[in-house]
Each structure stands twice: as C-alpha cells, then as structure tokens.
file data-v9.txt (compact mmCIF, C-alpha atoms)
# COMPACT_ATOMS: atom_id res chain seq x y z
CA MET A 104 26.39 50.39 19.20
CA ARG A 105 27.91 47.33 20.84
CA LYS A 106 24.63 46.60 22.64
CA VAL A 107 22.72 46.80 19.34
CA LEU A 108 25.13 44.42 17.62
CA PHE A 109 25.07 42.06 20.60
CA GLY A 110 21.25 42.13 20.66
CA LEU A 111 21.13 41.52 16.91
CA GLY A 112 23.56 38.61 17.31
CA VAL A 113 21.45 37.07 20.09
CA MET A 114 18.24 37.41 18.02
CA LEU A 115 19.89 35.83 14.98
CA SER A 116 21.27 32.97 17.10
CA LEU A 117 17.87 32.32 18.67
CA GLY A 118 16.18 32.50 15.27
CA LEU A 119 18.60 30.00 13.76
CA PHE A 120 18.38 27.69 16.77
CA SER A 121 14.59 27.68 16.81
CA ALA A 122 14.40 27.10 13.04
CA CYS A 123 16.62 24.03 13.38
CA SER A 124 14.80 22.61 16.37
CA SER A 125 11.34 23.14 14.86
CA ASP A 126 12.36 21.20 11.75
CA GLU A 127 13.46 18.14 13.72
CA GLY A 128 10.81 15.41 13.78
CA ASN A 129 8.43 17.48 11.67
CA GLU A 130 8.08 15.05 8.75
CA LEU A 131 4.99 15.48 6.61
CA PHE A 132 2.91 12.59 5.31
CA LYS A 133 3.97 11.89 1.74
CA VAL A 134 4.23 9.39 -1.10
CA ARG A 135 7.64 8.10 -2.12
CA ASN A 136 9.16 5.45 -4.39
CA PHE A 137 6.27 5.25 -6.86
CA ALA A 138 6.60 2.70 -9.68
CA ASN A 139 4.34 0.97 -12.18
CA SER A 140 4.76 -2.15 -14.29
CA GLY A 141 3.28 -0.81 -17.49
CA CYS A 142 0.52 -2.74 -19.22
CA LYS A 143 0.81 -6.46 -18.48
CA SER A 144 -0.54 -8.81 -21.12
CA ALA A 145 -3.57 -11.04 -20.79
CA THR A 146 -2.79 -14.73 -20.70
CA ARG A 147 -5.91 -16.46 -21.98
CA VAL A 148 -9.38 -15.96 -23.45
CA GLY A 149 -12.50 -17.05 -21.54
CA ASP A 150 -15.38 -19.19 -22.75
CA GLU A 151 -17.41 -16.19 -23.88
CA GLY A 152 -14.52 -14.40 -25.54
CA GLY A 153 -13.56 -12.22 -22.58
CA ILE A 154 -9.93 -11.86 -21.66
CA LEU A 155 -8.86 -13.61 -18.47
CA TYR A 156 -5.81 -13.06 -16.34
CA ASP A 157 -3.97 -15.74 -14.40
CA GLU A 158 -3.64 -13.60 -11.30
CA ASN A 159 -6.35 -11.95 -9.22
CA GLU A 160 -6.26 -8.30 -8.23
CA THR A 161 -4.64 -7.91 -4.82
CA ILE A 162 -3.11 -5.26 -2.61
CA GLU A 163 -0.06 -6.18 -0.59
CA VAL A 164 0.76 -3.92 2.35
CA LYS A 165 3.98 -4.08 4.33
CA GLY A 166 5.26 -2.09 7.28
CA LEU A 167 8.74 -0.69 6.68
CA LYS A 168 11.39 -0.06 9.34
CA ASP A 169 11.33 3.72 8.89
CA GLY A 170 7.60 4.17 9.59
CA TYR A 171 6.40 3.95 5.99
CA LEU A 172 3.78 1.59 4.60
CA SER A 173 4.42 0.00 1.21
CA ILE A 174 1.34 -0.52 -0.95
CA ASN A 175 1.66 -2.84 -3.95
CA HIS A 176 -1.55 -2.87 -5.98
CA LYS A 177 -1.18 -5.91 -8.25
CA ASN A 178 -3.23 -6.49 -11.39
CA ALA A 179 -5.21 -3.27 -11.13
CA LEU A 180 -7.29 -2.97 -14.30
CA PHE A 181 -6.97 0.29 -16.22
CA ASN A 182 -7.41 1.49 -19.76
CA CYS A 183 -4.68 -0.14 -21.90
CA GLU A 184 -3.76 3.32 -23.22
CA ALA A 185 -3.16 4.85 -19.79
CA GLY A 186 -0.53 7.42 -20.71
CA GLY A 187 1.05 7.64 -17.27
CA PHE A 188 0.31 7.26 -13.59
CA ASN A 189 0.64 9.33 -10.47
CA ILE A 190 -0.23 8.57 -6.85
CA ILE A 191 -1.65 11.14 -4.44
CA ALA A 192 -2.07 10.20 -0.78
CA THR A 193 -3.52 12.09 2.17
CA ILE A 194 -4.11 11.24 5.79
CA ASP A 195 -6.85 12.55 8.06
CA GLY A 196 -6.77 11.03 11.54
CA ASN A 197 -6.58 7.30 10.91
CA VAL A 198 -7.93 7.39 7.32
CA ILE A 199 -5.39 7.16 4.49
CA LYS A 200 -6.74 8.05 1.04
CA VAL A 201 -4.65 6.87 -1.91
CA THR A 202 -5.68 8.07 -5.37
CA GLU A 203 -4.28 6.27 -8.41
CA LYS A 204 -4.41 8.88 -11.16
CA TYR A 205 -3.81 8.14 -14.81
CA ASN A 206 -4.02 9.76 -18.22
CA ALA A 207 -6.56 7.88 -20.31
CA ASP A 208 -6.45 8.15 -24.07
CA ALA A 209 -9.46 6.77 -25.92
CA ALA A 210 -9.14 3.00 -26.20
CA ASN A 211 -11.51 0.08 -26.09
CA CYS A 212 -9.35 -2.22 -23.99
CA ILE A 213 -8.10 -2.79 -20.47
CA CYS A 214 -5.06 -4.48 -19.05
CA PRO A 215 -3.60 -5.16 -15.61
CA TYR A 216 -0.92 -2.95 -14.06
CA ASP A 217 1.09 -3.25 -10.87
CA LEU A 218 1.33 0.06 -8.97
CA TYR A 219 3.71 0.46 -6.04
CA CYS A 220 4.25 3.28 -3.58
CA GLU A 221 5.23 3.96 0.01
CA VAL A 222 3.26 6.33 2.25
CA GLY A 223 4.10 7.76 5.64
CA PRO A 224 5.52 8.23 8.10
CA LEU A 225 2.97 6.49 10.30
CA ALA A 226 2.71 5.75 14.00
CA ASP A 227 1.77 2.22 15.05
CA GLY A 228 -2.00 1.87 15.12
CA ASP A 229 -5.18 1.04 13.23
CA TYR A 230 -5.84 2.71 9.87
CA THR A 231 -8.53 2.59 7.19
CA ILE A 232 -7.04 2.71 3.71
CA ILE A 233 -9.24 3.83 0.82
CA ILE A 234 -8.00 3.35 -2.74
CA TYR A 235 -9.48 5.66 -5.37
CA GLN A 236 -9.00 5.54 -9.14
CA ASP A 237 -9.22 8.66 -11.29
CA ALA A 238 -8.71 9.30 -14.99
CA THR A 239 -9.39 13.03 -14.87
CA TYR A 240 -6.61 14.30 -12.60
CA ASP A 241 -9.39 15.98 -10.63
CA GLN A 242 -9.52 14.32 -7.22
CA ALA A 243 -13.15 15.34 -6.77
CA ASP A 244 -14.10 12.94 -9.60
CA ALA A 245 -12.17 9.96 -8.24
CA ARG A 246 -14.22 6.82 -7.62
CA GLU A 247 -13.66 4.58 -4.64
CA HIS A 248 -12.19 1.27 -5.75
CA THR A 249 -11.73 -0.51 -2.42
CA ARG A 250 -11.21 0.07 1.30
CA PHE A 251 -9.71 -2.07 4.03
CA ASN A 252 -8.36 -1.81 7.56
CA VAL A 253 -4.81 -2.49 8.70
CA SER A 254 -3.02 -2.42 12.03
CA TYR A 255 0.21 -0.69 11.08
CA GLN A 256 3.44 -1.82 12.68
CA LYS A 257 6.88 -2.40 11.25
CA ASP A 258 6.35 -6.15 10.80
CA LEU A 259 2.98 -5.83 9.01
CA ASN A 260 2.77 -8.07 5.94
CA ARG A 261 -0.71 -8.64 4.54
CA ILE A 262 -2.35 -9.41 1.20
CA ILE A 263 -5.90 -8.19 0.51
CA ASP A 264 -7.90 -9.84 -2.29
CA ILE A 265 -9.98 -7.38 -4.30
call {"tool": "encode", "arguments": {"input": "data-v9.txt", "output": "structure tokens"}}
result
Amino acid sequence: MRKVLFGLGVMLSLGLFSACSSDEGNELFKVRNFANSGCKSATRVGDEGGILYDENETIEVKGLKDGYLSINHKNALFNCEAGGFNIIATIDGNVIKVTEKYNADAANCICPYDLYCEVGPLADGDYTIIIYQDATYDQADAREHTRFNVSYQKDLNRIIDI
C-alpha cells in the first residue's frame, strides 16, 4: 500500500511540475488594450460639398518593451453609425493580420475614428502587417484596407500614411 501511495505521490508531483514548466514562456499571440475614439467630427466642407478632415489617415506603430506592437490607426473612415468595434489579430509566420470589425447600422455618412490596440508578443524581426476592415463580423468577408512592412524591435516608432 505504501508503494502505491508513494508511486501516486511521485506521479502527481511530476504532473504538477511538468504543467508548471510547460506554461512558462508559452504566451499566445493576442490583442490587448483595445480602444476607439468614437466618431470624430469633420472640420470643413470641400469645394464640391464633400466633407474634408484636417488630418490624413495614418497608422502609427511602436515597439513596446514587453514584446508587443502598438498599432494606432488614426482617422480611419467608417460608417458614422458604427455601433461598436472589435479587433481580431492573427499571426502566421511573419504575417500579422489585423481585422477591424464593426457593427454598421444603416446610415448615409462616414466619419473618422482612431482605433488603438497592442498585438504580440513578437520576436525582433521583419513582419508584414495587413489591416482588414469588416462590417459583417465574418472574417471571410473582410476587405484588405492596407498592408505595410515593419522591422519590429522595442524602439520601433514609425508612421505610415494611408
């Protein structure tokens, strides 16, 4: 009986030890710290009646100390009745796909939004980032908005004009 209890104790100890050690360093790629500005207002009307904005659409990417990449998509144009946003990001090799999903109620207007998120963790290296936009919450229907390359490192700080 003692041998059975001892053997059971050893198996439990090994099982607990291996569970702890296999969890260390096994972080999964994810999105964190998502935020959006809400609908920003237009600032002036163009010569032909179209609405103009004082700022261009840009994406600012920064390397963070903990291996994450911040992505700040400024002045992204969406339906002015976008009921809410969500960001989905995946990585396959060195390709990062970021999908900006939103609920779109029927409206005949657009306005700029700022969308912010952090993705990672990443190793230093070269990555292609593809930004998709999707109003259906079905990633298969997402349309590619832009793509660009970055060399990720903790001191990365770059602005991409769209």
call {"tool": "closest_residue", "arguments": {"input": "data-v9.txt", "among": "A:Cys220, A:Ala210, A:Ile262, A:Ala138", "to": "Gly187 (chain A)", "atoms": "only C-alpha atoms"}}
result
A:Ala138
call {"tool": "closest_residue", "arguments": {"input": "data-v9.txt", "among": "A:Ala185, A:Ile265, A:Gly228, A:Glu203", "to": "Gly170 (chain A)", "atoms": "all atoms listed in the file"}}
result
A:Gly228
call {"tool": "atom_distance", "arguments": {"input": "data-v9.txt", "atom1": "CA of Tyr216 (chain A)", "atom2": "CA of Leu167 (chain A)"}}
result
23.0 Å
call {"tool": "atom_distance", "arguments": {"input": "data-v9.txt", "atom1": "CA of Asp258 (chain A)", "atom2": "CA of Lys165 (chain A)"}}
result
7.2 Å
call {"tool": "residues_near_point", "arguments": {"input": "data-v9.txt", "point": "(6.3, -0.6, -15.3)", "cutoff": "12 Å", "atoms": "only C-alpha atoms", "output": "list in words"}}
result
Phe137, Ala138, Asn139, Ser140, Gly141, Cys142, Lys143, Lys177, Asn178, Ala185, Gly186, Gly187, Phe188, Pro215, Tyr216, Asp217, Leu218 and Tyr219 of chain A
